[in-house]
file entry.cif (mmCIF, C-alpha atoms)
data_run
#
loop_
_atom_site.label_atom_id
_atom_site.label_comp_id
_atom_site.auth_asym_id
_atom_site.auth_seq_id
_atom_site.Cartn_x
_atom_site.Cartn_y
_atom_site.Cartn_z
CA SER M 1231 4.14 -6.96 -13.50
CA GLU M 1232 6.05 -9.76 -15.24
CA ARG M 1233 2.86 -11.13 -16.81
CA LEU M 1234 1.92 -7.67 -18.05
CA GLY M 1235 5.41 -6.78 -19.22
CA CYS M 1236 5.40 -3.65 -17.08
CA PRO M 1237 7.85 -2.37 -14.51
CA PHE M 1238 7.09 -2.94 -10.83
CA VAL M 1239 7.51 -0.01 -8.45
CA ASP M 1240 7.15 0.01 -4.67
CA THR M 1241 6.68 3.52 -3.29
CA ASP M 1242 8.20 2.55 0.08
CA ASP M 1243 11.34 1.36 -1.74
CA LEU M 1244 11.56 4.69 -3.56
CA ILE M 1245 11.20 6.61 -0.30
CA ALA M 1246 13.88 4.46 1.35
CA GLU M 1247 16.18 4.99 -1.64
CA ASP M 1248 15.62 8.73 -1.50
CA CYS M 1249 16.16 8.82 2.26
CA GLY M 1250 19.16 6.48 2.17
CA GLU M 1251 17.75 4.36 4.99
CA PRO M 1252 15.27 1.49 5.40
CA VAL M 1253 11.66 2.67 5.35
CA SER M 1254 11.16 2.20 9.12
CA LYS M 1255 14.20 4.36 9.85
CA CYS M 1256 13.03 6.98 7.32
CA PHE M 1257 9.72 7.10 9.16
CA THR M 1258 11.52 7.58 12.48
CA LEU M 1259 13.98 10.17 11.13
CA LEU M 1260 11.41 12.21 9.20
CA GLY M 1261 8.42 11.72 11.49
CA GLU M 1262 5.07 10.82 10.01
CA GLU M 1263 4.51 14.26 8.49
CA GLY M 1264 7.92 14.31 6.80
CA PHE M 1265 7.48 10.75 5.61
CA ARG M 1266 4.06 11.57 4.14
CA ASP M 1267 5.57 14.59 2.36
CA ARG M 1268 8.16 12.34 0.71
CA GLU M 1269 5.44 9.85 -0.10
CA ARG M 1270 3.38 12.57 -1.87
CA ASN M 1271 6.45 13.54 -3.92
CA VAL M 1272 7.04 9.92 -4.91
CA VAL M 1273 3.39 9.39 -5.88
CA ALA M 1274 3.47 12.60 -7.96
CA SER M 1275 6.57 11.34 -9.79
CA LEU M 1276 4.81 8.12 -10.83
CA ALA M 1277 2.93 9.87 -13.63
CA GLU M 1278 6.21 9.96 -15.58
CA LEU M 1279 6.52 6.15 -15.55
CA GLY M 1280 3.88 5.16 -18.04
CA PRO M 1281 2.24 1.75 -17.58
CA ALA M 1282 3.47 0.09 -14.38
CA VAL M 1283 2.36 -2.02 -11.46
CA ILE M 1284 2.70 0.12 -8.35
CA ALA M 1285 2.68 -1.08 -4.74
CA THR M 1286 2.08 1.54 -2.10
CA GLY M 1287 2.35 1.59 1.63
CA GLY M 1288 -1.01 1.31 3.37
CA GLY M 1289 -0.89 4.90 4.61
CA VAL M 1290 -0.69 6.41 1.14
CA VAL M 1291 -4.46 6.94 1.27
CA SER M 1292 -4.15 9.32 4.23
CA SER M 1293 -3.45 12.13 1.74
CA SER M 1294 -6.31 13.35 -0.43
CA LYS M 1295 -3.70 14.41 -3.03
CA ASN M 1296 -2.33 10.87 -3.14
CA ARG M 1297 -5.80 9.40 -3.51
CA SER M 1298 -6.51 11.75 -6.39
CA MET M 1299 -3.15 11.14 -8.09
CA LEU M 1300 -3.46 7.36 -7.78
CA ARG M 1301 -6.94 7.44 -9.34
CA LYS M 1302 -5.54 9.45 -12.27
CA LEU M 1303 -2.71 6.95 -12.79
CA GLY M 1304 -5.00 4.04 -13.58
CA ILE M 1305 -6.80 1.15 -11.92
CA VAL M 1306 -6.48 1.19 -8.13
CA LEU M 1307 -6.85 -2.18 -6.46
CA TRP M 1308 -7.23 -2.78 -2.75
CA LEU M 1309 -5.74 -6.15 -1.83
CA ASP M 1310 -7.58 -6.88 1.41
CA ALA M 1311 -7.04 -9.54 4.06
CA PRO M 1312 -8.14 -10.05 7.66
CA PRO M 1313 -6.01 -8.40 10.36
CA GLU M 1314 -4.73 -11.78 11.61
CA LEU M 1315 -3.33 -12.68 8.19
CA LEU M 1316 -1.81 -9.23 7.74
CA CYS M 1317 -0.20 -9.58 11.17
CA GLU M 1318 1.29 -12.94 10.18
CA ARG M 1319 2.66 -11.51 6.94
CA LEU M 1320 4.08 -8.37 8.56
CA ARG M 1321 5.93 -10.00 11.46
CA GLY M 1322 9.62 -9.31 11.09
CA SER M 1323 9.11 -6.83 8.24
CA ASP M 1324 10.74 -3.42 8.03
CA ARG M 1325 7.47 -1.52 8.35
CA PRO M 1326 7.34 1.35 10.82
CA ALA M 1327 5.28 1.06 13.98
CA LEU M 1328 2.36 3.48 13.90
CA THR M 1329 1.13 3.03 17.47
CA GLU M 1330 2.45 1.83 20.82
CA LYS M 1331 0.18 -1.22 20.67
CA GLY M 1332 1.02 -4.79 19.73
CA LEU M 1333 1.13 -5.57 16.03
CA LEU M 1334 -2.32 -7.16 15.74
CA GLU M 1335 -4.00 -4.41 17.75
CA GLU M 1336 -2.20 -1.78 15.68
CA ILE M 1337 -3.32 -3.39 12.42
CA GLU M 1338 -6.93 -3.55 13.61
CA GLU M 1339 -6.88 0.10 14.68
CA VAL M 1340 -5.20 1.38 11.54
CA LEU M 1341 -7.45 -0.67 9.26
CA GLU M 1342 -10.51 0.73 11.00
CA GLN M 1343 -9.28 4.25 10.20
CA ARG M 1344 -8.20 3.51 6.64
CA ARG M 1345 -10.98 1.26 5.32
CA PRO M 1346 -13.23 4.19 4.33
CA LEU M 1347 -10.29 5.74 2.44
CA TYR M 1348 -9.49 2.43 0.72
CA ARG M 1349 -13.15 2.13 -0.32
CA GLN M 1350 -13.14 5.70 -1.61
CA THR M 1351 -9.92 5.24 -3.60
CA ALA M 1352 -10.04 1.70 -4.97
CA ASP M 1353 -11.76 0.75 -8.18
CA ARG M 1354 -12.03 -2.75 -6.77
CA ARG M 1355 -11.45 -4.58 -3.50
CA ILE M 1356 -9.90 -8.03 -3.83
CA ASP M 1357 -9.93 -10.39 -0.86
CA VAL M 1358 -6.59 -12.19 -0.97
CA SER M 1359 -6.94 -14.12 2.27
CA ALA M 1360 -7.81 -17.60 1.06
CA ARG M 1361 -6.29 -17.54 -2.41
CA ARG M 1362 -3.07 -18.60 -4.01
CA ILE M 1363 -0.88 -15.93 -5.58
CA GLU M 1364 -1.50 -17.40 -9.06
CA GLU M 1365 -5.28 -16.98 -8.69
CA ILE M 1366 -4.86 -13.39 -7.55
CA CYS M 1367 -2.51 -12.64 -10.45
CA ASP M 1368 -5.02 -14.18 -12.90
CA GLU M 1369 -7.73 -11.85 -11.60
CA LEU M 1370 -5.46 -8.81 -11.66
CA GLN M 1371 -4.37 -9.61 -15.20
CA GLN M 1372 -8.01 -9.87 -16.32
CA LEU M 1373 -8.75 -6.49 -14.75
CA TRP M 1374 -5.82 -4.95 -16.57
#
call {"tool": "encode", "arguments": {"input": "entry.cif", "output": "structure tokens"}}
result
Amino acid sequence: SERLGCPFVDTDDLIAEDCGEPVSKCFTLLGEEGFRDRERNVVASLAELGPAVIATGGGVVSSSKNRSMLRKLGIVLWLDAPPELLCERLRGSDRPALTEKGLLEEIEEVLEQRRPLYRQTADRRIDVSARRIEEICDELQQLW
């Protein structure tokens, strides 16, 4: 976002701000259905922003309305990585647990469910597993 001179927005941060609690607690307090309702409202509000770099939670694609709204907003990029790397990056984060399983098993299960939706929604899939952040940003800037 800095390279492009655009604001950066994280939908999970907006939900947490709206809820007044960290995102994992919002998820617990609202339940998944309530959380997804808030998420749809946040995604709908993004149209008012103008050009921006938007990060979403991985479950945003579970709503067909969200998928449609995101596609209308601009280029949708799927930053993909193997489950083991995602597990490493997510340890100790504030993300809500989605299953009763261990983190790696949960990531594998959830990715299996979401991959078709990511494919359907994204204009491009970018494998970020073996690349430095600068390389990824170069590619994203070229796509912009």
call {"tool": "atom_distance", "arguments": {"input": "entry.cif", "atom1": "atom CA of M:Cys1236", "atom2": "atom CA of M:Pro1281"}}
result
6.3 Å
call {"tool": "residues_around", "arguments": {"input": "entry.cif", "residues": "M:Pro1312", "least_positions_apart": "4", "cutoff": "9 Å", "atoms": "only C-alpha atoms", "output": "PyMOL selection string"}}
result
chain M and resi 1316-1317+1338+1357+1359
call {"tool": "residues_around", "arguments": {"input": "entry.cif", "residues": "M:Ala1360", "least_positions_apart": "3", "cutoff": "10 Å", "atoms": "all atoms listed in the file", "output": "PDB file with C-alpha atoms, in the frame of the given file"}}
result
ATOM      1  CA  ALA M1311      -7.040  -9.540   4.060  1.00  0.00           C
ATOM      2  CA  LEU M1315      -3.330 -12.680   8.190  1.00  0.00           C
ATOM      3  CA  ASP M1357      -9.930 -10.390  -0.860  1.00  0.00           C
ATOM      4  CA  ILE M1363      -0.880 -15.930  -5.580  1.00  0.00           C
TER       5      ILE M1363
END
call {"tool": "closest_residue", "arguments": {"input": "entry.cif", "among": "M:Gln1343, M:Gln1350, M:Ser1323, M:Ser1254", "to": "M:Leu1300", "atoms": "only C-alpha atoms"}}
result
M:Gln1350
call {"tool": "closest_residue", "arguments": {"input": "entry.cif", "among": "M:Leu1333, M:Ala1352, M:Ile1284, M:Leu1259", "to": "M:Asp1240", "atoms": "only C-alpha atoms"}}
result
M:Ile1284
call {"tool": "residues_around", "arguments": {"input": "entry.cif", "residues": "M:Val1306", "least_positions_apart": "4", "cutoff": "9 Å", "atoms": "only C-alpha atoms", "output": "PDB file with C-alpha atoms, in the frame of the given file"}}
result
ATOM      1  CA  LEU M1300      -3.460   7.360  -7.780  1.00  0.00           C
ATOM      2  CA  ARG M1301      -6.940   7.440  -9.340  1.00  0.00           C
ATOM      3  CA  THR M1351      -9.920   5.240  -3.600  1.00  0.00           C
ATOM      4  CA  ALA M1352     -10.040   1.700  -4.970  1.00  0.00           C
ATOM      5  CA  ASP M1353     -11.760   0.750  -8.180  1.00  0.00           C
ATOM      6  CA  ARG M1354     -12.030  -2.750  -6.770  1.00  0.00           C
ATOM      7  CA  ARG M1355     -11.450  -4.580  -3.500  1.00  0.00           C
TER       8      ARG M1355
END
call {"tool": "atom_distance", "arguments": {"input": "entry.cif", "atom1": "atom CA of M:Leu1320", "atom2": "atom CA of M:Gly1264"}}
result
23.1 Å
call {"tool": "atom_distance", "arguments": {"input": "entry.cif", "atom1": "atom CA of M:Thr1241", "atom2": "atom CA of M:Gly1287"}}
result
6.8 Å
call {"tool": "residues_near_point", "arguments": {"input": "entry.cif", "point": "(-2.5, -8.6, -5.8)", "cutoff": "10 Å", "atoms": "all atoms listed in the file", "output": "ChimeraX atom specification"}}
result
/M:1283,1285,1307-1310,1356-1358,1363-1371
call {"tool": "closest_residue", "arguments": {"input": "entry.cif", "among": "M:Ala1274, M:Val1239, M:Arg1361, M:Glu1262", "to": "M:Ser1298", "atoms": "all atoms listed in the file"}}
result
M:Ala1274
call {"tool": "resolve_selection", "arguments": {"input": "entry.cif", "expression": "the PyMOL selection byres ((chain M and resi 1292) around 12)", "output": "ChimeraX atom specification"}}
result
/M:1262-1263,1265-1267,1269-1270,1286-1291,1293-1298,1340-1341,1343-1348,1350-1351
call {"tool": "resolve_selection", "arguments": {"input": "entry.cif", "expression": "the PyMOL selection byres ((chain M and resi 1255) around 12)", "output": "PDB file with C-alpha atoms, in the frame of the given file"}}
result
ATOM      1  CA  ASP M1242       8.200   2.550   0.080  1.00  0.00           C
ATOM      2  CA  ILE M1245      11.200   6.610  -0.300  1.00  0.00           C
ATOM      3  CA  ALA M1246      13.880   4.460   1.350  1.00  0.00           C
ATOM      4  CA  GLU M1247      16.180   4.990  -1.640  1.00  0.00           C
ATOM      5  CA  CYS M1249      16.160   8.820   2.260  1.00  0.00           C
ATOM      6  CA  GLY M1250      19.160   6.480   2.170  1.00  0.00           C
ATOM      7  CA  GLU M1251      17.750   4.360   4.990  1.00  0.00           C
ATOM      8  CA  PRO M1252      15.270   1.490   5.400  1.00  0.00           C
ATOM      9  CA  VAL M1253      11.660   2.670   5.350  1.00  0.00           C
ATOM     10  CA  SER M1254      11.160   2.200   9.120  1.00  0.00           C
ATOM     11  CA  CYS M1256      13.030   6.980   7.320  1.00  0.00           C
ATOM     12  CA  PHE M1257       9.720   7.100   9.160  1.00  0.00           C
ATOM     13  CA  THR M1258      11.520   7.580  12.480  1.00  0.00           C
ATOM     14  CA  LEU M1259      13.980  10.170  11.130  1.00  0.00           C
ATOM     15  CA  LEU M1260      11.410  12.210   9.200  1.00  0.00           C
ATOM     16  CA  GLY M1261       8.420  11.720  11.490  1.00  0.00           C
ATOM     17  CA  GLU M1262       5.070  10.820  10.010  1.00  0.00           C
ATOM     18  CA  PHE M1265       7.480  10.750   5.610  1.00  0.00           C
ATOM     19  CA  ASP M1324      10.740  -3.420   8.030  1.00  0.00           C
ATOM     20  CA  ARG M1325       7.470  -1.520   8.350  1.00  0.00           C
ATOM     21  CA  PRO M1326       7.340   1.350  10.820  1.00  0.00           C
ATOM     22  CA  ALA M1327       5.280   1.060  13.980  1.00  0.00           C
TER      23      ALA M1327
END
call {"tool": "closest_residue", "arguments": {"input": "entry.cif", "among": "M:Glu1336, M:Ile1305, M:Glu1318, M:Val1272", "to": "M:Gln1372", "atoms": "only C-alpha atoms"}}
result
M:Ile1305
call {"tool": "resolve_selection", "arguments": {"input": "entry.cif", "expression": "the PyMOL selection byres ((chain M and resi 1234) around 9)", "output": "mmCIF file with C-alpha atoms, in the coordinates of the input"}}
result
data_model
loop_
_atom_site.group_PDB
_atom_site.id
_atom_site.type_symbol
_atom_site.label_atom_id
_atom_site.label_comp_id
_atom_site.auth_asym_id
_atom_site.auth_seq_id
_atom_site.Cartn_x
_atom_site.Cartn_y
_atom_site.Cartn_z
ATOM 1 C CA SER M 1231 4.140 -6.960 -13.500
ATOM 2 C CA GLU M 1232 6.050 -9.760 -15.240
ATOM 3 C CA ARG M 1233 2.860 -11.130 -16.810
ATOM 4 C CA GLY M 1235 5.410 -6.780 -19.220
ATOM 5 C CA CYS M 1236 5.400 -3.650 -17.080
ATOM 6 C CA PRO M 1237 7.850 -2.370 -14.510
ATOM 7 C CA ALA M 1282 3.470 0.090 -14.380
ATOM 8 C CA VAL M 1283 2.360 -2.020 -11.460
ATOM 9 C CA GLN M 1371 -4.370 -9.610 -15.200
ATOM 10 C CA TRP M 1374 -5.820 -4.950 -16.570
#
call {"tool": "axis_aligned_box", "arguments": {"input": "entry.cif", "around": "stretch 1301-1317 of chain M", "padding_each_side": "4 Å", "output": "AutoDock Vina command-line options"}}
result
--center_x -4.2 --center_y -1.6 --center_z -1.0 --size_x 15.9 --size_y 30.1 --size_z 33.2
call {"tool": "closest_residue", "arguments": {"input": "entry.cif", "among": "M:Arg1362, M:Leu1244, M:Glu1278, M:Pro1313", "to": "M:Glu1339", "atoms": "all atoms listed in the file"}}
result
M:Pro1313
call {"tool": "build_atoms", "arguments": {"input": "entry.cif", "residues": "stretch 1345-1356 of chain M", "atoms": "all heavy atoms", "output": "mmCIF file, keeping the file's coordinate frame"}}
result
data_model
loop_
_atom_site.group_PDB
_atom_site.id
_atom_site.type_symbol
_atom_site.label_atom_id
_atom_site.label_comp_id
_atom_site.auth_asym_id
_atom_site.auth_seq_id
_atom_site.Cartn_x
_atom_site.Cartn_y
_atom_site.Cartn_z
ATOM 1 N N ARG M 1345 -10.019 1.937 6.205
ATOM 2 C CA ARG M 1345 -10.980 1.260 5.320
ATOM 3 C C ARG M 1345 -11.849 2.215 4.522
ATOM 4 O O ARG M 1345 -12.024 2.008 3.316
ATOM 5 C CB ARG M 1345 -11.835 0.283 6.128
ATOM 6 C CG ARG M 1345 -11.215 -1.066 6.267
ATOM 7 C CD ARG M 1345 -12.191 -2.095 6.833
ATOM 8 N NE ARG M 1345 -11.489 -3.338 7.044
ATOM 9 C CZ ARG M 1345 -11.231 -3.859 8.229
ATOM 10 N NH1 ARG M 1345 -11.656 -3.266 9.329
ATOM 11 N NH2 ARG M 1345 -10.573 -4.992 8.328
ATOM 12 N N PRO M 1346 -12.414 3.257 5.146
ATOM 13 C CA PRO M 1346 -13.230 4.190 4.330
ATOM 14 C C PRO M 1346 -12.416 4.847 3.209
ATOM 15 O O PRO M 1346 -12.934 5.074 2.114
ATOM 16 C CB PRO M 1346 -13.698 5.230 5.350
ATOM 17 C CG PRO M 1346 -13.608 4.557 6.676
ATOM 18 C CD PRO M 1346 -12.451 3.611 6.567
ATOM 19 N N LEU M 1347 -11.145 5.119 3.465
ATOM 20 C CA LEU M 1347 -10.290 5.740 2.440
ATOM 21 C C LEU M 1347 -9.950 4.736 1.342
ATOM 22 O O LEU M 1347 -9.879 5.097 0.161
ATOM 23 C CB LEU M 1347 -9.022 6.299 3.079
ATOM 24 C CG LEU M 1347 -9.251 7.368 4.147
ATOM 25 C CD1 LEU M 1347 -7.939 7.768 4.811
ATOM 26 C CD2 LEU M 1347 -9.960 8.577 3.564
ATOM 27 N N TYR M 1348 -9.728 3.477 1.723
ATOM 28 C CA TYR M 1348 -9.490 2.430 0.720
ATOM 29 C C TYR M 1348 -10.725 2.286 -0.166
ATOM 30 O O TYR M 1348 -10.616 2.201 -1.390
ATOM 31 C CB TYR M 1348 -9.174 1.090 1.367
ATOM 32 C CG TYR M 1348 -7.871 1.021 2.124
ATOM 33 C CD1 TYR M 1348 -7.732 0.159 3.211
ATOM 34 C CD2 TYR M 1348 -6.770 1.770 1.763
ATOM 35 C CE1 TYR M 1348 -6.545 0.067 3.911
ATOM 36 C CE2 TYR M 1348 -5.576 1.691 2.458
ATOM 37 C CZ TYR M 1348 -5.465 0.836 3.531
ATOM 38 O OH TYR M 1348 -4.283 0.742 4.219
ATOM 39 N N ARG M 1349 -11.905 2.260 0.450
ATOM 40 C CA ARG M 1349 -13.150 2.130 -0.320
ATOM 41 C C ARG M 1349 -13.326 3.300 -1.289
ATOM 42 O O ARG M 1349 -13.751 3.124 -2.425
ATOM 43 C CB ARG M 1349 -14.352 2.079 0.626
ATOM 44 C CG ARG M 1349 -14.545 0.755 1.283
ATOM 45 C CD ARG M 1349 -15.854 0.701 2.087
ATOM 46 N NE ARG M 1349 -15.820 -0.431 2.960
ATOM 47 C CZ ARG M 1349 -15.583 -0.370 4.277
ATOM 48 N NH1 ARG M 1349 -15.412 0.800 4.868
ATOM 49 N NH2 ARG M 1349 -15.542 -1.454 5.008
ATOM 50 N N GLN M 1350 -12.993 4.485 -0.808
ATOM 51 C CA GLN M 1350 -13.140 5.700 -1.610
ATOM 52 C C GLN M 1350 -12.158 5.712 -2.790
ATOM 53 O O GLN M 1350 -12.478 6.215 -3.868
ATOM 54 C CB GLN M 1350 -12.884 6.915 -0.718
ATOM 55 C CG GLN M 1350 -12.918 8.239 -1.398
ATOM 56 C CD GLN M 1350 -12.542 9.369 -0.447
ATOM 57 O OE1 GLN M 1350 -12.500 9.215 0.765
ATOM 58 N NE2 GLN M 1350 -12.250 10.520 -0.998
ATOM 59 N N THR M 1351 -10.990 5.158 -2.605
ATOM 60 C CA THR M 1351 -9.920 5.240 -3.600
ATOM 61 C C THR M 1351 -9.929 4.100 -4.606
ATOM 62 O O THR M 1351 -9.702 4.308 -5.792
ATOM 63 C CB THR M 1351 -8.547 5.287 -2.892
ATOM 64 O OG1 THR M 1351 -8.571 6.297 -1.885
ATOM 65 C CG2 THR M 1351 -7.420 5.557 -3.874
ATOM 66 N N ALA M 1352 -10.189 2.893 -4.122
ATOM 67 C CA ALA M 1352 -10.040 1.700 -4.970
ATOM 68 C C ALA M 1352 -11.162 1.550 -5.973
ATOM 69 O O ALA M 1352 -12.325 1.787 -5.670
ATOM 70 C CB ALA M 1352 -9.959 0.457 -4.090
ATOM 71 N N ASP M 1353 -10.775 1.132 -7.172
ATOM 72 C CA ASP M 1353 -11.760 0.750 -8.180
ATOM 73 C C ASP M 1353 -12.368 -0.598 -7.820
ATOM 74 O O ASP M 1353 -13.511 -0.878 -8.148
ATOM 75 C CB ASP M 1353 -11.109 0.659 -9.560
ATOM 76 C CG ASP M 1353 -10.638 2.007 -10.042
ATOM 77 O OD1 ASP M 1353 -11.497 2.889 -10.246
ATOM 78 O OD2 ASP M 1353 -9.421 2.194 -10.195
ATOM 79 N N ARG M 1354 -11.558 -1.416 -7.149
ATOM 80 C CA ARG M 1354 -12.030 -2.750 -6.770
ATOM 81 C C ARG M 1354 -11.274 -3.248 -5.554
ATOM 82 O O ARG M 1354 -10.078 -3.036 -5.416
ATOM 83 C CB ARG M 1354 -11.833 -3.717 -7.913
ATOM 84 C CG ARG M 1354 -12.295 -5.125 -7.527
ATOM 85 C CD ARG M 1354 -12.235 -6.077 -8.648
ATOM 86 N NE ARG M 1354 -13.562 -6.288 -9.182
ATOM 87 C CZ ARG M 1354 -13.770 -6.879 -10.332
ATOM 88 N NH1 ARG M 1354 -12.771 -7.234 -11.081
ATOM 89 N NH2 ARG M 1354 -14.987 -7.110 -10.755
ATOM 90 N N ARG M 1355 -12.014 -3.915 -4.676
ATOM 91 C CA ARG M 1355 -11.450 -4.580 -3.500
ATOM 92 C C ARG M 1355 -11.314 -6.061 -3.839
ATOM 93 O O ARG M 1355 -12.254 -6.676 -4.347
ATOM 94 C CB ARG M 1355 -12.371 -4.417 -2.301
ATOM 95 C CG ARG M 1355 -11.916 -5.170 -1.077
ATOM 96 C CD ARG M 1355 -13.017 -5.168 0.002
ATOM 97 N NE ARG M 1355 -12.768 -6.175 0.985
ATOM 98 C CZ ARG M 1355 -13.188 -7.427 0.931
ATOM 99 N NH1 ARG M 1355 -13.920 -7.859 -0.088
ATOM 100 N NH2 ARG M 1355 -12.898 -8.284 1.887
ATOM 101 N N ILE M 1356 -10.141 -6.618 -3.569
ATOM 102 C CA ILE M 1356 -9.900 -8.030 -3.830
ATOM 103 C C ILE M 1356 -9.470 -8.687 -2.522
ATOM 104 O O ILE M 1356 -8.447 -8.313 -1.939
ATOM 105 C CB ILE M 1356 -8.817 -8.212 -4.915
ATOM 106 C CG1 ILE M 1356 -9.301 -7.565 -6.217
ATOM 107 C CG2 ILE M 1356 -8.484 -9.678 -5.109
ATOM 108 C CD1 ILE M 1356 -8.269 -7.502 -7.299
#
